[in-house]
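Visitor: One structure coming up, written as structure tokens, with questions to follow.
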Amino acid sequence: MDRQGIFLSLVIPVFNEEEMLPALFAGLDAALAGPLAGAGPAEVVLVDDGSADRSWELIAARCRDGARCVGVRLSRNFGQQAALTAGLETARGEAVVSLDADLQDPPEVVAEMVALYRKGYDVVYGTRRSRGSEPWLKRVTAAGFYGLMERISGVRIARETGDFRLLSRRALSHLASLRETHRFLRGLVPWIGLAQTRVLYDRGERAAGRTHFPLHKMLVLAFDGIASMSVAPLRLAFLMSVLLFAICVGYVGVTLIKFFVYGVPMVPGWTSLMATVTIFGTIQLLLMGIFGEYLGRIYEQVKQRPIYLVRETTSGQGAALADVPRRG
Ligand code: UDP
Ligand code: MG
């Protein structure tokens with residue numbers, strides 16, 4: 001396997017990042033001229049995920065001047081996972097690294113990822129050394145969530161890993177064959193297998209602008225993750241029915257003994273009656289809700305809608321990429 005003179009793509013989803021983009025471009029230029037210069041030629045793929053600010057103008061301006069740069073503008077905001085997918089599918093590189101626009105994932109670490117790719121790895125995760133700067137709530141919920149995910153899905157999710165990772169062409173083509181509407185790349189990438197490893201790095205603070213992932217969006221992403229990797233919540237119905245059946249048998253037994261053995265009359269029982277009705281009612285609603293979530297996902301999947309739609313790509317793409325070495 002010859003992995004020496006590689007062509008590298010950097011894929012960056014961008015959503016309302018006009019404050020961040022000048023710093024991002026400067027950071028990329030510095031990395032491409034410095035630590036990444038030795039890695040071989042590189043292109044940058046910037047995916048504008050339906051920004052409402054001047055992000056697209058800035059991207060188009062950068063990608064117009066012939067630098068190895070491709071801008072893809074989605075027709076609206078499809079969400080980070082879809083934007084990433086669009087970028088991964090546009091990238092021509094033999095190895096593709098996805099990173100955040102906010103420079104929290106330092107471009108210098110990419111050189112280490114490329115070195116591991118050269119050694120034969122197909123997937124290299126960027127793994128945070130610590131989450132020191134993040135609020136404790138995010139740290140605790142993330143730890144609990146990934147533990148739960150692993151237990152119920154049987155897929156080992158790389159810990160402390162966001163969407164900062166290198167994928168080989170082989171890994172990308174496998175990933176491209178998974179067309180799920182509710183994408184959770186952090187689960188799908190471990191699922192494809194191949195030779196996977198990680199690089200440790202220190203994740204910085206967001207350099208400008210603010211996060212696009214408030215708690216409610218994190219929760220949506222988390223449930224997408226669970227539902228896309230596992231059907232365990234559906235089995236809850238079975239587990240609960242076993243548990244409740246045991247309780248019922250016990251309760252009926254006790255009542256009958258009270259009546260026949262001790263002669264306690266059966267009529268007073270308002271509390272136990274209400275308890276039974278409410279417990280059963282709540283559990284049934286809960287389980288119907290879970291079924292509904294899966295049913296909704298099945299419905300959305302059978303519609304087979306594309307994961308994203310493109311509004312435009314930067315002109316000059318052909319010229320900028322004409323000198324890209326093709327893989328043979
Ligand atoms: N992003 C996107 N579409 C969205 C939300 C976010 O493309 O709907 C991009 C965003 O511009 C950034 C990356 O996804 O490049 C990660 O977002 P952010 O930094 O806000 O997330 P955090 O690091 O706070 O989890
Ligand atoms: Mg970020």
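Lettering and numbering for the structure tokens are positional, with chains as A, B, ... in the shown order, residues counted from 1 in each chain, and ligands counted from 1 in the shown order.
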From a backbone DSSP assignment, name each residue in region 34-208 of chain A labelled alpha helix (DSSP H), as a ChimeraX atom specification.
Guide: /A:55-64,80-90,109-118,136-153,169-176,185-192
Visitor: Determine, counting only C-alpha atoms, which protein, DNA and RNA residues have an atom within 7 Å of an atom of Cys69 (chain A); residues of the same chain fewer than 3 positions away are not included. Present the result as number ranges by chain.
Guide: A: 43-45, 63
Visitor: Using only C-alpha atoms and all ligand atoms, which of the listed residues (A:Ser130, A:Thr211, A:Ser55, A:Thr90) sits closest to ligand 1?
Guide: A:Thr211
Visitor: Give the residue list for ligand 1 at 8 Å, counting only C-alpha atoms and all ligand atoms, as a PyMOL selection string, sorted by chain and then by residue number.
Guide: chain A and resi 12-17+47-50+77-84+99-102+104+162+206+210-214
Visitor: Could you please take those selected residues and save C-alpha atoms as a compact mmCIF listing (two decimals), in the first residue's frame?
Guide:
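And here's result-v5.txt as it stands now:
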# COMPACT_ATOMS: atom_id res chain seq x y z
CA ILE A 12 -15.34 21.89 7.61
CA PRO A 13 -19.08 22.41 8.24
CA VAL A 14 -19.94 26.07 8.67
CA PHE A 15 -23.11 27.46 10.19
CA ASN A 16 -23.33 31.16 10.97
CA GLU A 17 -19.62 31.48 11.58
CA VAL A 47 -19.81 23.38 3.60
CA ASP A 48 -22.14 26.24 4.36
CA ASP A 49 -25.03 24.62 6.22
CA GLY A 50 -27.61 27.27 5.29
CA ASN A 77 -29.76 24.30 7.39
CA PHE A 78 -29.66 20.49 7.43
CA GLY A 79 -27.69 20.14 10.66
CA GLN A 80 -24.05 19.45 11.33
CA GLN A 81 -24.16 15.71 10.62
CA ALA A 82 -25.72 16.26 7.19
CA ALA A 83 -23.32 19.11 6.41
CA LEU A 84 -20.41 16.88 7.32
CA LEU A 99 -12.95 19.45 11.78
CA ASP A 100 -15.00 22.23 13.38
CA ALA A 101 -14.97 25.75 12.03
CA ASP A 102 -14.26 27.20 15.46
CA GLN A 104 -11.40 23.93 18.71
CA GLY A 162 -16.28 14.51 18.49
CA ARG A 206 -14.20 28.19 20.79
CA ARG A 210 -20.86 30.69 20.21
CA THR A 211 -21.86 27.06 20.25
CA HIS A 212 -24.66 25.79 18.02
CA PHE A 213 -25.34 22.92 20.35
CA PRO A 214 -27.41 24.03 23.33
Visitor: Name all residues at most 9 Å from region 183-197 of chain A (count only C-alpha atoms; drop same-chain ones fewer than 5 positions away) and give them as number ranges by chain.
Guide: A: 81-82, 84-85, 116, 120-125, 149, 155-158, 161-163, 167, 170-171, 174-175, 178, 221-222, 224-226, 228-229, 307
Visitor: Store the residues picked out above, limited to N, CA and C atoms, as a CSV table (one decimal), in the first residue's frame.
Guide:
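What ended up in part-v1.csv:
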chain,number,residue,atom,x,y,z
A,81,GLN,N,-24.5,17.0,11.1
A,81,GLN,CA,-24.2,15.7,10.6
A,81,GLN,C,-24.4,15.6,9.1
A,82,ALA,N,-25.4,16.3,8.6
A,82,ALA,CA,-25.7,16.3,7.2
A,82,ALA,C,-24.7,17.1,6.5
A,84,LEU,N,-21.6,17.7,7.4
A,84,LEU,CA,-20.4,16.9,7.3
A,84,LEU,C,-20.5,15.8,6.2
A,85,THR,N,-21.6,15.2,6.1
A,85,THR,CA,-21.8,14.2,5.1
A,85,THR,C,-21.6,14.8,3.7
A,116,LEU,N,-0.3,8.6,11.0
A,116,LEU,CA,-0.9,7.3,11.4
A,116,LEU,C,-1.6,6.7,10.2
A,120,GLY,N,-1.0,2.9,7.8
A,120,GLY,CA,-2.0,1.9,7.4
A,120,GLY,C,-3.3,2.0,8.1
A,121,TYR,N,-3.5,3.0,9.0
A,121,TYR,CA,-4.9,3.1,9.6
A,121,TYR,C,-5.9,3.7,8.7
A,122,ASP,N,-7.1,3.3,8.8
A,122,ASP,CA,-8.2,3.8,7.9
A,122,ASP,C,-9.0,4.9,8.6
A,123,VAL,N,-9.0,4.8,10.0
A,123,VAL,CA,-9.8,5.8,10.7
A,123,VAL,C,-8.9,6.3,11.9
A,124,VAL,N,-8.7,7.6,12.0
A,124,VAL,CA,-7.9,8.1,13.1
A,124,VAL,C,-8.8,9.2,13.8
A,125,TYR,N,-9.1,8.9,15.1
A,125,TYR,CA,-10.0,9.8,15.8
A,125,TYR,C,-9.1,10.9,16.5
A,149,MET,N,-24.7,4.1,25.5
A,149,MET,CA,-24.6,3.7,24.1
A,149,MET,C,-23.9,2.5,23.8
A,155,VAL,N,-21.5,-1.4,20.0
A,155,VAL,CA,-20.4,-0.8,19.2
A,155,VAL,C,-19.6,0.0,20.1
A,156,ARG,N,-18.3,-0.2,20.1
A,156,ARG,CA,-17.4,0.7,20.9
A,156,ARG,C,-17.3,2.1,20.3
A,157,ILE,N,-17.9,3.0,21.0
A,157,ILE,CA,-17.7,4.4,20.6
A,157,ILE,C,-16.4,5.0,21.1
A,158,ALA,N,-15.6,5.6,20.3
A,158,ALA,CA,-14.4,6.2,20.7
A,158,ALA,C,-14.7,7.3,21.7
A,161,THR,N,-14.4,11.9,21.9
A,161,THR,CA,-14.2,12.1,20.4
A,161,THR,C,-15.4,12.8,19.8
A,162,GLY,N,-15.2,13.9,19.2
A,162,GLY,CA,-16.3,14.5,18.5
A,162,GLY,C,-16.2,14.1,17.0
A,163,ASP,N,-16.4,15.1,16.2
A,163,ASP,CA,-16.3,14.8,14.7
A,163,ASP,C,-15.0,15.2,14.1
A,167,LEU,N,-10.5,10.0,7.8
A,167,LEU,CA,-11.0,8.8,7.2
A,167,LEU,C,-10.3,8.5,5.9
A,170,ARG,N,-11.1,4.3,1.6
A,170,ARG,CA,-11.8,3.0,1.9
A,170,ARG,C,-12.9,3.2,2.9
A,171,ALA,N,-12.5,3.9,4.0
A,171,ALA,CA,-13.5,4.1,5.1
A,171,ALA,C,-14.7,5.0,4.6
A,174,HIS,N,-17.1,3.1,2.5
A,174,HIS,CA,-18.0,2.3,3.3
A,174,HIS,C,-19.1,3.2,4.0
A,175,LEU,N,-18.6,4.3,4.5
A,175,LEU,CA,-19.5,5.2,5.2
A,175,LEU,C,-20.6,5.8,4.2
A,178,LEU,N,-23.8,3.9,3.9
A,178,LEU,CA,-24.8,3.9,4.9
A,178,LEU,C,-25.7,5.2,4.7
A,221,LEU,N,-29.5,14.9,19.4
A,221,LEU,CA,-28.4,14.2,18.8
A,221,LEU,C,-28.2,12.9,19.6
A,222,ALA,N,-28.3,13.0,21.0
A,222,ALA,CA,-28.1,11.8,21.8
A,222,ALA,C,-29.2,10.7,21.5
A,224,ASP,N,-30.9,10.4,18.7
A,224,ASP,CA,-30.6,10.0,17.4
A,224,ASP,C,-29.5,8.9,17.4
A,225,GLY,N,-28.6,9.1,18.3
A,225,GLY,CA,-27.5,8.2,18.4
A,225,GLY,C,-28.0,6.9,18.9
A,226,ILE,N,-28.7,6.9,20.0
A,226,ILE,CA,-29.2,5.6,20.5
A,226,ILE,C,-30.1,4.9,19.5
A,228,SER,N,-30.3,5.2,16.4
A,228,SER,CA,-29.7,4.7,15.1
A,228,SER,C,-28.8,3.5,15.4
A,229,MET,N,-28.3,3.3,16.6
A,229,MET,CA,-27.4,2.2,16.9
A,229,MET,C,-28.0,1.0,17.6
A,307,ILE,N,-30.0,13.2,2.0
A,307,ILE,CA,-29.6,13.7,3.3
A,307,ILE,C,-29.4,15.2,3.3
Visitor: Among region 195-293 of chain A, which residues does DSSP mark as strand (DSSP E or B) when it is run on the backbone? Keep the chain and numbering as in the structure and answer as an NGL selection string.
Guide: :A and (196-201)
Visitor: Let me see the file: selected residues, N, CA, C and O atoms, as a PDB file, in the first residue's frame.
Guide:
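As written to disk, again_15.pdb reads:
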ATOM      1  N   GLN A 196      -8.626   1.158  13.126  1.00  0.00           N
ATOM      2  CA  GLN A 196      -8.953   2.443  13.730  1.00  0.00           C
ATOM      3  C   GLN A 196      -8.005   2.749  14.884  1.00  0.00           C
ATOM      4  O   GLN A 196      -7.619   1.854  15.631  1.00  0.00           O
ATOM      5  N   THR A 197      -7.641   4.004  15.020  1.00  0.00           N
ATOM      6  CA  THR A 197      -6.802   4.399  16.139  1.00  0.00           C
ATOM      7  C   THR A 197      -7.117   5.839  16.510  1.00  0.00           C
ATOM      8  O   THR A 197      -8.071   6.416  15.984  1.00  0.00           O
ATOM      9  N   ARG A 198      -6.340   6.430  17.415  1.00  0.00           N
ATOM     10  CA  ARG A 198      -6.666   7.788  17.845  1.00  0.00           C
ATOM     11  C   ARG A 198      -5.404   8.600  18.123  1.00  0.00           C
ATOM     12  O   ARG A 198      -4.327   8.054  18.335  1.00  0.00           O
ATOM     13  N   VAL A 199      -5.589   9.897  18.130  1.00  0.00           N
ATOM     14  CA  VAL A 199      -4.518  10.832  18.477  1.00  0.00           C
ATOM     15  C   VAL A 199      -5.041  11.661  19.641  1.00  0.00           C
ATOM     16  O   VAL A 199      -6.177  12.129  19.600  1.00  0.00           O
ATOM     17  N   LEU A 200      -4.234  11.834  20.679  1.00  0.00           N
ATOM     18  CA  LEU A 200      -4.670  12.658  21.809  1.00  0.00           C
ATOM     19  C   LEU A 200      -4.327  14.120  21.551  1.00  0.00           C
ATOM     20  O   LEU A 200      -3.271  14.432  21.017  1.00  0.00           O
ATOM     21  N   TYR A 201      -5.232  15.014  21.918  1.00  0.00           N
ATOM     22  CA  TYR A 201      -4.925  16.435  21.763  1.00  0.00           C
ATOM     23  C   TYR A 201      -5.691  17.239  22.795  1.00  0.00           C
ATOM     24  O   TYR A 201      -6.616  16.727  23.435  1.00  0.00           O
TER      25      TYR A 201
END
Visitor: Quick one: pull the distance between CA of Ala246 (chain A) and CA of Val277 (chain A), Å, one decimal.
Guide: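 Separation between CA of Ala246 (chain A) and CA of Val277 (chain A): 16.3 Å.
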Visitor: So, counting only C-alpha atoms, which residue among A:Val231, A:Met113, A:Arg54, A:Thr271 is closest to Pro22 (chain A)?
Guide: A:Arg54
Visitor: Take CA of Gly27 (chain A) and CA of Ala111 (chain A) and report the distance between them in Å, one decimal.
Guide: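 Straight-line distance from CA of Gly27 (chain A) to CA of Ala111 (chain A) works out to 13.9 Å.
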Visitor: Using only C-alpha atoms, which residue out of A:Thr282, A:Ile152, A:Thr127, A:Phe223 lies closest to Met240 (chain A)?
Guide: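 Using only C-alpha atoms, Met240 (chain A) sits closest to A:Thr282.
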Visitor: Quick one: everything within 12 Å of Phe238 (chain A), counting only C-alpha atoms, minus sequence neighbours fewer than 6 positions away in the same chain. Send it as a list in words.
Guide: Ala232, Leu244, Phe245, Ile283, Gln284 and Leu287 of chain A
Visitor: Now that the selection is made, can you save its residues with N, CA and C atoms as a PDB file, in the first residue's frame?
Guide:
ATOM      1  N   ALA A 232     -32.575  -1.364  21.663  1.00  0.00           N
ATOM      2  CA  ALA A 232     -32.771  -1.717  23.077  1.00  0.00           C
ATOM      3  C   ALA A 232     -33.993  -1.043  23.708  1.00  0.00           C
ATOM      4  N   LEU A 244     -43.647  -6.276  35.788  1.00  0.00           N
ATOM      5  CA  LEU A 244     -44.984  -5.978  36.300  1.00  0.00           C
ATOM      6  C   LEU A 244     -45.809  -7.231  36.501  1.00  0.00           C
ATOM      7  N   PHE A 245     -45.576  -8.209  35.644  1.00  0.00           N
ATOM      8  CA  PHE A 245     -46.309  -9.461  35.791  1.00  0.00           C
ATOM      9  C   PHE A 245     -45.953 -10.101  37.135  1.00  0.00           C
ATOM     10  N   ILE A 283     -46.820   3.664  32.151  1.00  0.00           N
ATOM     11  CA  ILE A 283     -45.850   2.825  31.452  1.00  0.00           C
ATOM     12  C   ILE A 283     -46.290   2.581  30.016  1.00  0.00           C
ATOM     13  N   GLN A 284     -47.585   2.386  29.832  1.00  0.00           N
ATOM     14  CA  GLN A 284     -48.045   2.163  28.457  1.00  0.00           C
ATOM     15  C   GLN A 284     -47.817   3.390  27.587  1.00  0.00           C
ATOM     16  N   LEU A 287     -44.107   3.590  26.723  1.00  0.00           N
ATOM     17  CA  LEU A 287     -43.689   2.639  25.698  1.00  0.00           C
ATOM     18  C   LEU A 287     -44.252   3.016  24.329  1.00  0.00           C
TER      19      LEU A 287
END
Visitor: Using only C-alpha atoms, which protein or nucleic acid residues come within 9 Å of Arg297 (chain A)? Drop anything in the same chain fewer than 5 positions from it, and give the result as a PyMOL selection string.
Guide: chain A and resi 181-182+227-228+292+302
Visitor: Rank nothing, just name the residue among A:Ser51, A:Ser272, A:Ser241, A:Ser9 nearest to Ser168 (chain A), using only C-alpha atoms.
Guide: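 For Ser168 (chain A), the nearest of the candidates is A:Ser9.
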Visitor: Ranking A:Val140, A:Ala208, A:Leu46, A:Ala237 by minimum distance to ligand 2 and counting only C-alpha atoms and all ligand atoms, which one comes first?
Guide: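 Smallest separation from ligand 2 among the options: A:Ala208.
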Visitor: Can you tell me how far CA of Thr276 (chain A) sits from CA of Leu243 (chain A), in Å to one decimal?
Guide: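 Pair CA of Thr276 (chain A) / CA of Leu243 (chain A) returns 13.6 Å.
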